[in-house]
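One file, entry.cif, carrying mmCIF, C-alpha atoms (C1' of nucleotides):
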data_query
loop_
_atom_site.label_atom_id
_atom_site.label_comp_id
_atom_site.auth_asym_id
_atom_site.auth_seq_id
_atom_site.Cartn_x
_atom_site.Cartn_y
_atom_site.Cartn_z
CA MET D 201 24.17 19.66 12.74
CA GLY D 202 21.91 18.23 10.11
CA LYS D 203 24.11 15.21 9.89
CA HIS D 204 23.62 12.13 11.93
CA ASN D 205 25.02 8.66 12.01
CA HIS D 206 23.36 5.85 10.24
CA HIS D 207 24.00 2.48 11.69
CA GLU D 208 24.62 0.56 8.55
CA HIS D 209 23.91 -3.09 9.11
CA GLN D 210 24.61 -6.11 7.08
CA GLY D 211 24.07 -9.83 7.20
CA GLU D 212 22.90 -11.18 10.51
CA SER D 213 23.18 -7.84 12.21
CA LEU D 214 20.83 -6.31 9.67
CA ALA D 215 18.25 -9.04 10.12
CA ASP D 216 18.49 -8.55 13.88
CA ALA D 217 17.91 -4.83 13.53
CA ALA D 218 14.98 -5.48 11.21
CA ARG D 219 13.52 -7.95 13.64
CA ALA D 220 13.85 -5.52 16.51
CA ASN D 221 12.11 -2.80 14.57
CA LEU D 222 9.27 -5.00 13.48
CA GLU D 223 8.67 -6.36 16.95
CA LYS D 224 8.75 -2.86 18.35
CA SER D 225 5.61 -2.24 16.27
CA GLY D 226 3.88 -5.25 17.79
CA GLU D 227 4.41 -7.42 14.70
CA LYS D 228 5.85 -10.90 14.76
CA TRP D 229 9.14 -12.03 13.25
CA THR D 230 7.99 -15.32 11.78
CA ASP D 231 10.05 -17.87 9.85
CA THR D 232 8.50 -16.82 6.57
CA ARG D 233 9.16 -13.16 7.25
CA ALA D 234 12.74 -13.91 8.23
CA ALA D 235 13.29 -15.93 5.07
CA ILE D 236 11.84 -13.20 2.90
CA PHE D 237 13.89 -10.55 4.60
CA ASP D 238 17.06 -12.61 4.14
CA ALA D 239 16.31 -13.12 0.47
CA LEU D 240 15.61 -9.44 -0.04
CA ALA D 241 18.73 -8.38 1.81
CA GLY D 242 20.78 -10.85 -0.22
CA PHE D 243 20.02 -9.14 -3.52
CA SER D 244 22.46 -6.45 -4.55
CA ARG D 245 19.82 -4.73 -6.64
CA PRO D 246 16.10 -4.12 -6.33
CA ALA D 247 14.29 -7.45 -6.32
CA SER D 248 10.77 -8.13 -7.54
CA ALA D 249 8.30 -10.03 -5.43
CA TYR D 250 8.59 -12.89 -7.90
CA ASP D 251 12.39 -12.95 -7.64
CA ILE D 252 12.01 -13.29 -3.90
CA ALA D 253 9.29 -15.92 -4.12
CA GLU D 254 11.49 -18.01 -6.36
CA LEU D 255 14.56 -17.70 -4.15
CA VAL D 256 12.74 -18.39 -0.90
CA SER D 257 10.88 -21.32 -2.41
CA ALA D 258 14.15 -22.88 -3.55
CA ALA D 259 15.92 -22.18 -0.26
CA ARG D 260 13.19 -23.77 1.83
CA GLY D 261 12.21 -26.55 -0.54
CA LYS D 262 8.65 -25.35 -0.07
CA ARG D 263 6.73 -23.06 -2.31
CA VAL D 264 6.01 -19.53 -1.16
CA ALA D 265 3.25 -17.96 -3.21
CA PRO D 266 3.74 -14.49 -4.67
CA ASN D 267 0.79 -13.12 -2.77
CA SER D 268 2.39 -14.08 0.52
CA VAL D 269 5.54 -12.31 -0.58
CA TYR D 270 3.58 -9.20 -1.47
CA ARG D 271 1.81 -9.23 1.86
CA ILE D 272 5.06 -9.45 3.73
CA LEU D 273 6.81 -6.86 1.57
CA ASP D 274 3.91 -4.50 2.20
CA LEU D 275 4.38 -5.08 5.91
CA PHE D 276 8.11 -4.42 5.58
CA VAL D 277 7.53 -1.21 3.67
CA ALA D 278 4.94 -0.03 6.18
CA ASN D 279 7.46 -0.62 8.96
CA ASN D 280 10.45 0.82 7.13
CA LEU D 281 12.32 -2.47 6.85
CA ALA D 282 12.18 -2.22 3.07
CA MET D 283 11.53 0.34 0.38
CA ARG D 284 9.77 0.04 -2.92
CA VAL D 285 11.51 1.43 -6.00
CA GLU D 286 8.54 2.61 -8.03
CA SER D 287 10.31 3.01 -11.33
CA ALA D 288 11.58 -0.56 -11.11
CA ASN D 289 8.55 -2.33 -9.61
CA ALA D 290 10.94 -3.81 -7.12
CA TYR D 291 12.07 -3.67 -3.51
CA LEU D 292 15.22 -3.03 -1.51
CA ALA D 293 16.04 -3.88 2.08
CA ASN D 294 16.56 -0.83 4.24
CA SER D 295 20.07 -1.02 5.62
CA HIS D 296 19.31 1.29 8.51
CA PRO D 297 15.79 0.35 9.54
CA GLY D 298 15.92 2.49 12.66
CA CYS D 299 15.73 5.89 11.05
CA ALA D 300 13.06 7.12 8.72
CA HIS D 301 13.92 9.20 5.67
CA ASP D 302 12.39 9.99 2.38
CA CYS D 303 14.63 8.04 0.08
CA ILE D 304 16.20 8.98 -3.20
CA PHE D 305 17.15 6.10 -5.47
CA LEU D 306 19.61 6.28 -8.31
CA VAL D 307 18.86 3.35 -10.58
CA CYS D 308 21.21 2.30 -13.36
CA ASP D 309 19.39 1.44 -16.57
CA THR D 310 22.27 -0.80 -17.61
CA CYS D 311 23.16 -2.93 -14.61
CA GLY D 312 20.07 -2.41 -12.51
CA GLU D 313 22.00 -1.49 -9.38
CA ALA D 314 20.32 1.09 -7.18
CA THR D 315 22.08 3.56 -4.95
CA HIS D 316 20.18 4.82 -1.98
CA ILE D 317 20.69 8.46 -1.04
CA ASP D 318 19.27 10.53 1.77
CA ASP D 319 18.93 14.23 1.21
CA ASP D 320 16.48 15.55 3.72
CA PRO D 321 16.62 19.21 2.63
CA LEU D 322 15.84 18.14 -0.92
CA SER D 323 13.00 15.81 -0.08
CA GLN D 324 11.70 18.45 2.29
CA GLN D 325 11.45 20.85 -0.63
CA VAL D 326 9.42 18.29 -2.53
CA ARG D 327 7.11 17.91 0.44
CA THR D 328 6.77 21.66 0.67
CA VAL D 329 5.81 21.98 -2.99
CA ALA D 330 3.17 19.31 -2.56
CA LYS D 331 1.83 20.87 0.61
CA SER D 332 1.57 24.24 -1.10
CA GLN D 333 -0.76 22.59 -3.60
CA GLY D 334 -3.01 21.37 -0.83
CA PHE D 335 -1.72 17.81 -0.65
CA SER D 336 -1.71 15.82 2.56
CA SER D 337 -0.53 12.33 3.56
CA ILE D 338 2.46 13.09 1.41
CA ARG D 339 4.79 10.37 0.24
CA PRO D 340 7.53 11.66 -2.06
CA VAL D 341 8.82 9.38 -4.79
CA ILE D 342 12.23 10.68 -5.84
CA GLU D 343 14.19 8.46 -8.17
CA VAL D 344 16.72 8.99 -10.90
CA ARG D 345 17.12 6.71 -13.89
CA GLY D 346 20.44 6.90 -15.68
CA ILE D 347 23.77 5.20 -16.24
CA CYS D 348 25.98 4.64 -13.23
CA GLN D 349 29.69 5.35 -13.17
CA LYS D 350 30.68 1.69 -13.48
CA CYS D 351 28.56 1.22 -16.60
CA SER D 352 29.52 4.36 -18.47
CA MET E 172 13.82 36.19 -15.12
CA GLY E 173 13.58 32.52 -14.30
CA LYS E 174 9.96 32.60 -15.32
CA HIS E 175 8.71 32.03 -18.78
CA ASN E 176 5.40 31.59 -20.43
CA HIS E 177 3.97 28.24 -21.13
CA HIS E 178 1.60 28.11 -23.99
CA GLU E 179 -1.06 25.94 -22.49
CA HIS E 180 -3.03 24.29 -25.19
CA GLN E 181 -6.21 22.36 -25.14
CA GLY E 182 -8.46 20.52 -27.50
CA GLU E 183 -7.72 20.99 -31.15
CA SER E 184 -5.04 23.55 -30.49
CA LEU E 185 -3.18 21.07 -28.31
CA ALA E 186 -3.34 18.38 -30.96
CA ASP E 187 -2.06 20.87 -33.50
CA ALA E 188 0.85 21.79 -31.30
CA ALA E 189 1.62 18.14 -30.70
CA ARG E 190 1.51 17.45 -34.41
CA ALA E 191 3.84 20.32 -35.14
CA ASN E 192 6.33 19.11 -32.59
CA LEU E 193 6.28 15.56 -33.80
CA GLU E 194 6.71 16.53 -37.42
CA LYS E 195 9.54 18.83 -36.48
CA SER E 196 11.39 15.68 -35.42
CA GLY E 197 10.78 14.05 -38.79
CA GLU E 198 8.02 11.80 -37.50
CA LYS E 199 4.64 11.42 -39.13
CA TRP E 200 1.31 12.42 -37.69
CA THR E 201 -0.73 9.41 -38.71
CA ASP E 202 -4.42 8.72 -38.07
CA THR E 203 -3.61 6.18 -35.39
CA ARG E 204 -1.23 8.56 -33.65
CA ALA E 205 -3.79 11.34 -33.81
CA ALA E 206 -6.48 9.08 -32.38
CA ILE E 207 -4.23 7.95 -29.56
CA PHE E 208 -3.17 11.50 -28.77
CA ASP E 209 -6.80 12.63 -28.69
CA ALA E 210 -7.73 9.80 -26.37
CA LEU E 211 -4.82 10.54 -24.08
CA ALA E 212 -5.54 14.25 -24.01
CA GLY E 213 -9.20 13.52 -23.26
CA PHE E 214 -8.45 11.82 -19.97
CA SER E 215 -8.39 14.08 -16.95
CA ARG E 216 -6.07 11.73 -15.12
CA PRO E 217 -3.15 9.52 -16.07
CA ALA E 218 -4.36 6.84 -18.48
CA SER E 219 -2.93 3.37 -18.90
CA ALA E 220 -2.06 2.04 -22.33
CA TYR E 221 -4.99 -0.34 -21.97
CA ASP E 222 -7.40 2.48 -21.12
CA ILE E 223 -6.33 4.19 -24.30
CA ALA E 224 -6.50 1.04 -26.41
CA GLU E 225 -10.05 0.47 -25.23
CA LEU E 226 -11.18 4.02 -25.89
CA VAL E 227 -9.59 4.29 -29.30
CA SER E 228 -10.89 0.89 -30.33
CA ALA E 229 -14.42 1.92 -29.39
CA ALA E 230 -14.14 5.33 -31.02
CA ARG E 231 -12.94 3.96 -34.32
CA GLY E 232 -14.94 0.74 -34.36
CA LYS E 233 -11.68 -1.02 -35.04
CA ARG E 234 -9.44 -2.71 -32.56
CA VAL E 235 -6.12 -1.11 -31.66
CA ALA E 236 -3.82 -3.59 -29.99
CA PRO E 237 -2.09 -2.62 -26.75
CA ASN E 238 1.35 -3.08 -28.24
CA SER E 239 0.57 -0.48 -30.88
CA VAL E 240 -0.51 1.87 -28.14
CA TYR E 241 2.71 1.26 -26.24
CA ARG E 242 4.77 1.90 -29.36
CA ILE E 243 3.05 5.19 -29.99
CA LEU E 244 3.13 6.27 -26.36
CA ASP E 245 6.86 5.57 -26.32
CA LEU E 246 7.20 7.76 -29.38
CA PHE E 247 5.18 10.49 -27.70
CA VAL E 248 7.29 10.33 -24.55
CA ALA E 249 10.50 10.41 -26.56
CA ASN E 250 9.26 13.53 -28.33
CA ASN E 251 7.85 15.21 -25.25
CA LEU E 252 4.22 15.02 -26.35
CA ALA E 253 3.40 12.87 -23.36
CA MET E 254 4.86 11.93 -20.01
CA ARG E 255 4.85 8.70 -18.12
CA VAL E 256 3.81 8.74 -14.46
CA GLU E 257 5.99 5.97 -13.08
CA SER E 258 4.21 5.52 -9.80
CA ALA E 259 0.89 5.05 -11.63
CA ASN E 260 2.03 3.02 -14.65
CA ALA E 261 0.16 5.53 -16.76
CA TYR E 262 0.55 8.43 -19.14
CA LEU E 263 -0.43 12.08 -19.40
CA ALA E 264 -0.54 14.35 -22.42
CA ASN E 265 1.92 17.23 -22.21
CA SER E 266 -0.09 20.43 -22.38
CA HIS E 267 2.88 22.50 -23.53
CA PRO E 268 4.75 20.19 -25.85
CA GLY E 269 7.10 22.93 -26.99
CA CYS E 270 9.15 23.29 -23.85
CA ALA E 271 11.08 20.57 -22.12
CA HIS E 272 11.13 20.31 -18.34
CA ASP E 273 11.72 17.65 -15.80
CA CYS E 274 8.23 17.15 -14.49
CA ILE E 275 6.96 16.78 -10.98
CA PHE E 276 3.66 14.97 -10.61
CA LEU E 277 1.39 15.17 -7.61
CA VAL E 278 -0.85 12.13 -7.74
CA CYS E 279 -3.92 11.78 -5.53
CA ASP E 280 -4.27 8.29 -4.08
CA THR E 281 -8.02 8.83 -3.73
CA CYS E 282 -9.24 10.30 -7.01
CA GLY E 283 -6.28 9.50 -9.22
CA GLU E 284 -5.97 13.06 -10.54
CA ALA E 285 -2.42 14.17 -11.24
CA THR E 286 -1.16 17.72 -11.03
CA HIS E 287 1.80 18.58 -13.16
CA ILE E 288 4.34 20.98 -11.65
CA ASP E 289 7.52 22.42 -13.05
CA ASP E 290 10.21 23.41 -10.60
CA ASP E 291 13.45 23.62 -12.48
CA PRO E 292 15.63 24.61 -9.51
CA LEU E 293 14.36 21.59 -7.61
CA SER E 294 14.78 19.10 -10.42
CA GLN E 295 18.17 20.60 -11.11
CA GLN E 296 19.18 19.74 -7.57
CA VAL E 297 18.12 16.17 -8.14
CA ARG E 298 20.20 16.06 -11.31
CA THR E 299 23.16 17.49 -9.44
CA VAL E 300 22.95 14.87 -6.71
CA ALA E 301 22.86 12.12 -9.33
CA LYS E 302 25.74 13.62 -11.26
CA SER E 303 27.81 13.86 -8.11
CA GLN E 304 27.42 10.09 -7.78
CA GLY E 305 28.79 9.56 -11.26
CA PHE E 306 25.49 9.13 -13.05
CA SER E 307 24.99 10.14 -16.66
CA SER E 308 22.02 10.11 -19.07
CA ILE E 309 20.04 11.33 -16.14
CA ARG E 310 16.25 11.20 -16.11
CA PRO E 311 14.76 12.36 -12.82
CA VAL E 312 11.52 10.79 -11.63
CA ILE E 313 9.97 13.15 -9.12
CA GLU E 314 6.46 12.31 -8.03
CA VAL E 315 4.42 12.75 -4.90
CA ARG E 316 1.70 10.39 -3.79
CA GLY E 317 -0.81 11.80 -1.35
CA ILE E 318 -4.32 13.15 -0.92
CA CYS E 319 -5.28 16.19 -2.93
CA GLN E 320 -7.12 19.16 -1.51
CA LYS E 321 -10.47 18.20 -3.07
CA CYS E 322 -10.35 14.72 -1.57
CA SER E 323 -9.27 15.64 1.94
"C1'" DG N 199 1.44 3.81 -63.13
"C1'" DC N 200 4.59 0.02 -61.12
"C1'" DG N 201 7.79 -2.27 -58.45
"C1'" DT N 202 10.50 -1.99 -54.31
"C1'" DG N 203 12.26 -0.57 -49.94
"C1'" DT N 204 10.94 1.57 -45.62
"C1'" DT N 205 8.03 2.80 -41.90
"C1'" DA N 206 3.66 2.06 -39.36
"C1'" DA N 207 0.33 -0.82 -37.54
"C1'" DG N 208 -1.96 -5.29 -36.56
"C1'" DA N 209 -2.26 -10.15 -34.67
"C1'" DT N 210 -0.89 -13.15 -31.48
"C1'" DA N 211 1.36 -14.94 -27.78
"C1'" DC N 212 3.43 -14.62 -23.63
"C1'" DA N 213 6.11 -12.58 -19.68
"C1'" DA N 214 5.99 -9.85 -15.59
"C1'" DC N 215 3.67 -7.56 -11.91
"C1'" DA N 216 -0.24 -7.37 -8.60
"C1'" DT N 217 -4.55 -8.50 -6.11
"C1'" DA N 218 -8.90 -10.96 -4.59
"C1'" DT N 219 -10.97 -14.72 -2.27
"C1'" DC N 220 -11.32 -18.42 0.36
"C1'" DA N 221 -9.09 -22.38 2.90
"C1'" DT N 222 -5.76 -24.02 6.17
"C1'" DT N 223 -2.38 -23.68 9.68
"C1'" DT N 224 -0.33 -21.58 13.58
"C1'" DT N 225 -0.30 -18.89 17.66
"C1'" DC N 226 -1.58 -17.66 21.94
"C1'" DC N 227 -4.23 -16.91 25.63
"C1'" DA N 228 -8.50 -17.48 28.52
"C1'" DT U 183 -7.61 -27.43 25.73
"C1'" DG U 184 -10.50 -25.13 22.93
"C1'" DG U 185 -11.56 -21.26 20.35
"C1'" DA U 186 -10.58 -16.64 18.40
"C1'" DA U 187 -7.26 -14.11 15.82
"C1'" DA U 188 -3.34 -13.77 12.99
"C1'" DA U 189 -0.41 -15.69 9.41
"C1'" DT U 190 0.21 -18.27 5.49
"C1'" DG U 191 -1.21 -21.12 1.52
"C1'" DA U 192 -3.81 -22.32 -2.78
"C1'" DT U 193 -5.89 -20.78 -6.60
"C1'" DA U 194 -7.60 -17.79 -9.79
"C1'" DT U 195 -7.64 -13.75 -12.18
"C1'" DG U 196 -6.64 -8.92 -13.30
"C1'" DT U 197 -3.30 -5.57 -15.03
"C1'" DT U 198 0.83 -3.99 -17.26
"C1'" DG U 199 4.44 -4.65 -20.68
"C1'" DT U 200 7.22 -7.06 -24.63
"C1'" DA U 201 8.59 -10.09 -28.37
"C1'" DT U 202 7.90 -11.78 -32.85
"C1'" DC U 203 6.13 -12.04 -37.00
"C1'" DT U 204 2.80 -10.47 -40.60
"C1'" DT U 205 0.35 -7.17 -43.18
"C1'" DA U 206 -0.64 -2.59 -44.75
"C1'" DA U 207 0.48 2.15 -46.01
"C1'" DC U 208 3.60 5.23 -47.95
"C1'" DA U 209 7.32 7.30 -50.76
"C1'" DC U 210 10.37 7.41 -54.29
"C1'" DG U 211 12.80 6.20 -58.59
"C1'" DC U 212 11.94 4.37 -62.86
#

Is it possible to give me this structure as structure tokens?
Amino acid sequence: MGKHNHHEHQGESLADAARANLEKSGEKWTDTRAAIFDALAGFSRPASAYDIAELVSAARGKRVAPNSVYRILDLFVANNLAMRVESANAYLANSHPGCAHDCIFLVCDTCGEATHIDDDPLSQQVRTVAKSQGFSSIRPVIEVRGICQKCS
Amino acid sequence: MGKHNHHEHQGESLADAARANLEKSGEKWTDTRAAIFDALAGFSRPASAYDIAELVSAARGKRVAPNSVYRILDLFVANNLAMRVESANAYLANSHPGCAHDCIFLVCDTCGEATHIDDDPLSQQVRTVAKSQGFSSIRPVIEVRGICQKCS
DNA sequence: GCGTGTTAAGATACAACATATCATTTTCCA
DNA sequence: TGGAAAATGATATGTTGTATCTTAACACGC
């Protein structure tokens, strides 16, 4: 108990899962949203809105303005298709959009790669501490900056 | 056991403690650094470098450039006189500069106030998770966004 | 006291991240 | 098919953070 399977997706399958999740919330899977999701999912490390704007603009031969990217990233985050890494001002695609967790990110200060961990008991403790201080609408931000194994 | 006293400082006493700690590291307590520490300590919520630059400039009748503020804030953070709240892009004075903890910040999305918690067992767990993934030079970032009691 | 090397701070410019506002296009349904 | 609503675009601007070079303050040996 306590464990469960994540359906890790990648490539087309991931985009399909993302699409399904977004549409389940009554939102549309438009061309622009698909292009932005593809760009985001194509990065191996957290990508800034401007990184994505640049890539999508080049790929489509048509400029996408940063504000559009932000709008769509906000939508993705709200619907759990993407996560924001606060300490990096950047975003990651969620590789298992179906299940909701508080995320823990391990971010390498050298190479910029981010590892995504779930540890529900741990994040639950953080929630509990916040609740005990009278906080509501709690959104934990648990990240670790450091040097990853590859870079050390 | 497990508990220990924090010497909470405020006002002049806090500045004195900060000065002592900085000088213990072989750094100087200059007028500019004192002014920036005072400004930082005077805010009741996390202050941005630009907030501080503005306040110090006004208080001294002489412009302090943001890059100087950043330099000095970096120095303060490195010497544990201040902490950076990553999810707010802002800084807080450390009210017990003598003792080093991983900090947990509870940040209210409504009023912007931040509560500073220490929970060493919890932050130790975060460190352990990161270490188990091969991370070194670990700096945990544990923050909670939400609505504080007063604002709810 | 006087040069000289070192550290601190200032000036300036710019890069990177984020949002506000209004206009245009697309969708979709009555 | 026409009109409301949603999505995207254009543009401007606000906010946060760094890079580079210059000037000022300080400290120490002579």

Handout entry: Selection result for the PyMOL selection byres ((chain E and resi 284) around 10) on this file, as a PyMOL selection string
Key = chain E and resi 214-217+276-283+285-287+318-319

Please produce a file of those selected residues containing C-alpha atoms, as a JSON list (two decimals), in the frame of the given file.
[["chain", "number", "residue", "atom", "x", "y", "z"],
["E", 214, "PHE", "CA", -8.45, 11.82, -19.97],
["E", 215, "SER", "CA", -8.39, 14.08, -16.95],
["E", 216, "ARG", "CA", -6.07, 11.73, -15.12],
["E", 217, "PRO", "CA", -3.15, 9.52, -16.07],
["E", 276, "PHE", "CA", 3.66, 14.97, -10.61],
["E", 277, "LEU", "CA", 1.39, 15.17, -7.61],
["E", 278, "VAL", "CA", -0.85, 12.13, -7.74],
["E", 279, "CYS", "CA", -3.92, 11.78, -5.53],
["E", 280, "ASP", "CA", -4.27, 8.29, -4.08],
["E", 281, "THR", "CA", -8.02, 8.83, -3.73],
["E", 282, "CYS", "CA", -9.24, 10.30, -7.01],
["E", 283, "GLY", "CA", -6.28, 9.50, -9.22],
["E", 285, "ALA", "CA", -2.42, 14.17, -11.24],
["E", 286, "THR", "CA", -1.16, 17.72, -11.03],
["E", 287, "HIS", "CA", 1.80, 18.58, -13.16],
["E", 318, "ILE", "CA", -4.32, 13.15, -0.92],
["E", 319, "CYS", "CA", -5.28, 16.19, -2.93]]

Problem - Output check: residues returned by the PyMOL selection byres ((chain D and resi 210) around 12), as a PyMOL selection string - result: chain D and resi 207-209+211-218+237-238+240-244+293-297

Okay, now the selection with C-alpha atoms, as a PDB file, keeping the file's coordinate frame?
ATOM      1  CA  HIS D 207      24.000   2.480  11.690  1.00  0.00           C
ATOM      2  CA  GLU D 208      24.620   0.560   8.550  1.00  0.00           C
ATOM      3  CA  HIS D 209      23.910  -3.090   9.110  1.00  0.00           C
ATOM      4  CA  GLY D 211      24.070  -9.830   7.200  1.00  0.00           C
ATOM      5  CA  GLU D 212      22.900 -11.180  10.510  1.00  0.00           C
ATOM      6  CA  SER D 213      23.180  -7.840  12.210  1.00  0.00           C
ATOM      7  CA  LEU D 214      20.830  -6.310   9.670  1.00  0.00           C
ATOM      8  CA  ALA D 215      18.250  -9.040  10.120  1.00  0.00           C
ATOM      9  CA  ASP D 216      18.490  -8.550  13.880  1.00  0.00           C
ATOM     10  CA  ALA D 217      17.910  -4.830  13.530  1.00  0.00           C
ATOM     11  CA  ALA D 218      14.980  -5.480  11.210  1.00  0.00           C
ATOM     12  CA  PHE D 237      13.890 -10.550   4.600  1.00  0.00           C
ATOM     13  CA  ASP D 238      17.060 -12.610   4.140  1.00  0.00           C
ATOM     14  CA  LEU D 240      15.610  -9.440  -0.040  1.00  0.00           C
ATOM     15  CA  ALA D 241      18.730  -8.380   1.810  1.00  0.00           C
ATOM     16  CA  GLY D 242      20.780 -10.850  -0.220  1.00  0.00           C
ATOM     17  CA  PHE D 243      20.020  -9.140  -3.520  1.00  0.00           C
ATOM     18  CA  SER D 244      22.460  -6.450  -4.550  1.00  0.00           C
ATOM     19  CA  ALA D 293      16.040  -3.880   2.080  1.00  0.00           C
ATOM     20  CA  ASN D 294      16.560  -0.830   4.240  1.00  0.00           C
ATOM     21  CA  SER D 295      20.070  -1.020   5.620  1.00  0.00           C
ATOM     22  CA  HIS D 296      19.310   1.290   8.510  1.00  0.00           C
ATOM     23  CA  PRO D 297      15.790   0.350   9.540  1.00  0.00           C
TER      24      PRO D 297
END

Problem - Interface list for chain U, partner chain E, 10 Å threshold, only C-alpha atoms (C1' of nucleotides), as a ChimeraX atom specification - result: /U:197-200

Problem - Picked residues, the PyMOL selection byres ((chain E) within 9 of (chain D)), as a ChimeraX atom specification - result: /E:257-260,275,277,279,286,288,290,293,296-298,300-301,304-321,323

Exercise for the section: Find, counting only C-alpha atoms (C1' of nucleotides), the residue in N:DC212, N:DC220, N:DT205, N:DT225 that gets nearest to chain D. Expected result: N:DT225

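Ranking E:Asp291, E:Asp222, E:Glu198, E:Asp245 by their shortest atom-to-atom distance to chain N, with all atoms listed in the file included, puts E:Glu198 first.
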
Handout entry: Of the listed residues N:DG208, N:DA221, N:DA216, N:DT202, that which approaches chain E most closely, counting all atoms listed in the file
Key = N:DG208

Exercise for the section: Take atom C1' of DC227 of chain N and atom CA of Ser268 of chain D and report the distance between them in Å, one decimal. Expected result: 26.1 Å

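For chain E, the residues no farther than 9 Å from chain N when using all atoms listed in the file are Thr201, Thr203, Arg234, Val235, Ala236 and Ser239 of chain E.
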
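Atom to atom, atom CA of His272 of chain E and atom CA of Asp289 of chain E stand 6.7 Å apart.
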
Exercise for the section: Could you tell me how far atom CA of Ala300 of chain D lies from atom CA of Asn280 of chain D, in Å and to one decimal? Expected result: 7.0 Å

Fill in the blank from the handout: Counting all atoms listed in the file, closest pick from D:Gly298, D:Ala247, D:Ile236, D:Ser225 relative to Val269 of chain D is D:Ile236
